[in-house]
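Have a look at the structure below before the remarks.
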Amino acid sequence: MTYGDGHHRRVEEDNMKYHVNESCIGCGLCEGTCPEVFSLNNEGKAVAKDIDTDDPQAMQALEGCPVGAIEEVK
Ligand code: SF4
């Protein structure tokens with residue numbers, strides 16, 4: 001029984017929602033990394049779409065934010 005690659009499956013538990021908090025400095029990095037989820041609003045701050053995603057780029061954007069403004073929403 002080897003289902004070792006199971007974590008690659010699109011299972012609901014792996015999906016994550018993201019939220020940008022007020023420490024965002026509007027650098028645009030997250031939008032560049034994962035435009036599917038992040039975009040800059042007309043105040044120059046990033047906002048995350050209200051979607052569940054398992055897109056690894058979204059996690060990459062979270063990790064790449066220079067001020068740690070991106071949070072996971074459970
Ligand atoms: Fe804001 Fe961080 Fe995105 Fe830059 S990477 S726009 S600081 S949330």
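Naming scheme: A, B, ... for chains in displayed order of the structure tokens; residues 1 onward per chain; ligands 1 onward as shown.
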
Please, which residues of stretch 37-74 of chain A, numbered as in this document, come out strand (DSSP E) from DSSP, as a PyMOL selection string? chain A and resi 38-40+46-48+70-73

Keeping only all heavy atoms, write the selected residues to a file as a CSV table (one decimal), in the first residue's frame.
chain,number,residue,atom,x,y,z
A,38,PHE,N,-4.2,37.2,-6.1
A,38,PHE,CA,-3.9,38.5,-5.6
A,38,PHE,C,-3.9,39.6,-6.6
A,38,PHE,O,-3.5,39.4,-7.7
A,38,PHE,CB,-2.5,38.5,-4.9
A,38,PHE,CG,-2.4,37.5,-3.8
A,38,PHE,CD1,-1.8,36.3,-4.0
A,38,PHE,CD2,-2.9,37.8,-2.5
A,38,PHE,CE1,-1.7,35.3,-3.0
A,38,PHE,CE2,-2.8,36.8,-1.5
A,38,PHE,CZ,-2.2,35.6,-1.8
A,39,SER,N,-4.4,40.7,-6.2
A,39,SER,CA,-4.4,41.9,-7.1
A,39,SER,C,-4.3,43.2,-6.3
A,39,SER,O,-4.7,43.1,-5.1
A,39,SER,CB,-5.6,41.9,-8.0
A,39,SER,OG,-6.8,42.0,-7.2
A,40,LEU,N,-3.8,44.2,-6.8
A,40,LEU,CA,-3.7,45.5,-6.1
A,40,LEU,C,-5.0,46.2,-6.4
A,40,LEU,O,-5.5,46.3,-7.5
A,40,LEU,CB,-2.5,46.3,-6.6
A,40,LEU,CG,-1.1,45.7,-6.3
A,40,LEU,CD1,0.0,46.7,-6.8
A,40,LEU,CD2,-0.9,45.4,-4.9
A,46,ALA,N,-2.7,45.2,-1.8
A,46,ALA,CA,-3.1,43.9,-2.3
A,46,ALA,C,-4.4,43.4,-1.6
A,46,ALA,O,-4.6,43.7,-0.5
A,46,ALA,CB,-2.0,42.9,-2.1
A,47,VAL,N,-5.2,42.8,-2.4
A,47,VAL,CA,-6.3,42.0,-1.9
A,47,VAL,C,-6.3,40.6,-2.4
A,47,VAL,O,-5.8,40.4,-3.6
A,47,VAL,CB,-7.7,42.7,-2.3
A,47,VAL,CG1,-7.9,44.0,-1.5
A,47,VAL,CG2,-7.8,43.0,-3.8
A,48,ALA,N,-6.8,39.7,-1.6
A,48,ALA,CA,-6.9,38.3,-2.1
A,48,ALA,C,-8.3,38.0,-2.4
A,48,ALA,O,-9.2,38.4,-1.8
A,48,ALA,CB,-6.4,37.4,-0.9
A,70,ILE,N,0.5,38.6,4.2
A,70,ILE,CA,-0.5,37.6,3.7
A,70,ILE,C,-0.7,36.5,4.7
A,70,ILE,O,0.3,35.9,5.2
A,70,ILE,CB,0.0,37.0,2.3
A,70,ILE,CG1,0.2,38.1,1.3
A,70,ILE,CG2,-1.0,36.0,1.8
A,70,ILE,CD1,0.8,37.6,0.0
A,71,GLU,N,-1.9,36.2,5.0
A,71,GLU,CA,-2.3,35.2,6.0
A,71,GLU,C,-3.1,34.1,5.4
A,71,GLU,O,-3.9,34.4,4.5
A,71,GLU,CB,-3.0,35.9,7.2
A,71,GLU,CG,-2.3,37.0,7.9
A,71,GLU,CD,-3.3,37.8,8.7
A,71,GLU,OE1,-4.5,37.6,8.7
A,71,GLU,OE2,-2.8,38.7,9.4
A,72,GLU,N,-3.0,33.0,6.0
A,72,GLU,CA,-3.9,31.9,5.6
A,72,GLU,C,-5.2,32.1,6.4
A,72,GLU,O,-5.2,32.4,7.6
A,72,GLU,CB,-3.4,30.5,6.0
A,72,GLU,CG,-2.2,30.2,5.2
A,72,GLU,CD,-1.5,28.9,5.7
A,72,GLU,OE1,-2.1,28.3,6.7
A,72,GLU,OE2,-0.4,28.6,5.3
A,73,VAL,N,-6.3,31.8,5.7
A,73,VAL,CA,-7.6,31.8,6.4
A,73,VAL,C,-8.1,30.4,6.4
A,73,VAL,O,-8.1,29.7,5.4
A,73,VAL,CB,-8.7,32.7,5.6
A,73,VAL,CG1,-10.0,32.7,6.3
A,73,VAL,CG2,-8.1,34.1,5.4

All residues having an atom within 8 Å of ligand 1 (only C-alpha atoms and all ligand atoms) as a list in words: Val20, Asn21, Ser23, Cys24, Ile25, Gly26, Cys27, Gly28, Leu29, Cys30, Glu31, Phe38, Ser39, Leu40, Gly44, Lys45, Ala46, Val47, Ala61, Leu62, Gly64, Cys65, Pro66, Val67, Gly68, Ala69 and Ile70 of chain A

In Å, how far is it from atom CA of A:Thr53 to atom CA of A:Asn41? 20.3 Å

Grab the atom CA of A:Lys17 to atom CA of A:Cys34 distance for me, in Å with one decimal place. 13.1 Å

Of the residues A:Asp50, A:Asp55, A:Glu63, A:Glu36, which is the one nearest to A:Tyr18, using only C-alpha atoms? A:Asp50

From chain A, collect each residue whose DSSP state is helix (DSSP H, G or I) and return the set as a PyMOL selection string. chain A and resi 4-8+12-14+29-33+56-64

Using only C-alpha atoms, which protein or nucleic acid residues come within 8 Å of A:Thr33? Drop anything in the same chain fewer than 5 positions from it, and give the result as a ChimeraX atom specification. /A:57-58,60-61

Output the selection as a PDB file, in the first residue's frame - N, CA, C and O atoms for each residue.
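Full text of part.pdb as output:
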ATOM      1  N   GLN A  57       1.413  28.553  -6.127  1.00  0.00           N
ATOM      2  CA  GLN A  57       1.909  29.918  -6.310  1.00  0.00           C
ATOM      3  C   GLN A  57       1.336  30.871  -5.270  1.00  0.00           C
ATOM      4  O   GLN A  57       1.971  31.858  -4.904  1.00  0.00           O
ATOM      5  N   ALA A  58       0.136  30.569  -4.802  1.00  0.00           N
ATOM      6  CA  ALA A  58      -0.465  31.412  -3.774  1.00  0.00           C
ATOM      7  C   ALA A  58       0.336  31.290  -2.479  1.00  0.00           C
ATOM      8  O   ALA A  58       0.605  32.284  -1.799  1.00  0.00           O
ATOM      9  N   GLN A  60       3.440  30.449  -2.390  1.00  0.00           N
ATOM     10  CA  GLN A  60       4.708  31.106  -2.707  1.00  0.00           C
ATOM     11  C   GLN A  60       4.613  32.614  -2.494  1.00  0.00           C
ATOM     12  O   GLN A  60       5.533  33.247  -1.981  1.00  0.00           O
ATOM     13  N   ALA A  61       3.476  33.179  -2.883  1.00  0.00           N
ATOM     14  CA  ALA A  61       3.255  34.612  -2.689  1.00  0.00           C
ATOM     15  C   ALA A  61       3.234  34.942  -1.203  1.00  0.00           C
ATOM     16  O   ALA A  61       3.819  35.931  -0.762  1.00  0.00           O
TER      17      ALA A  61
END
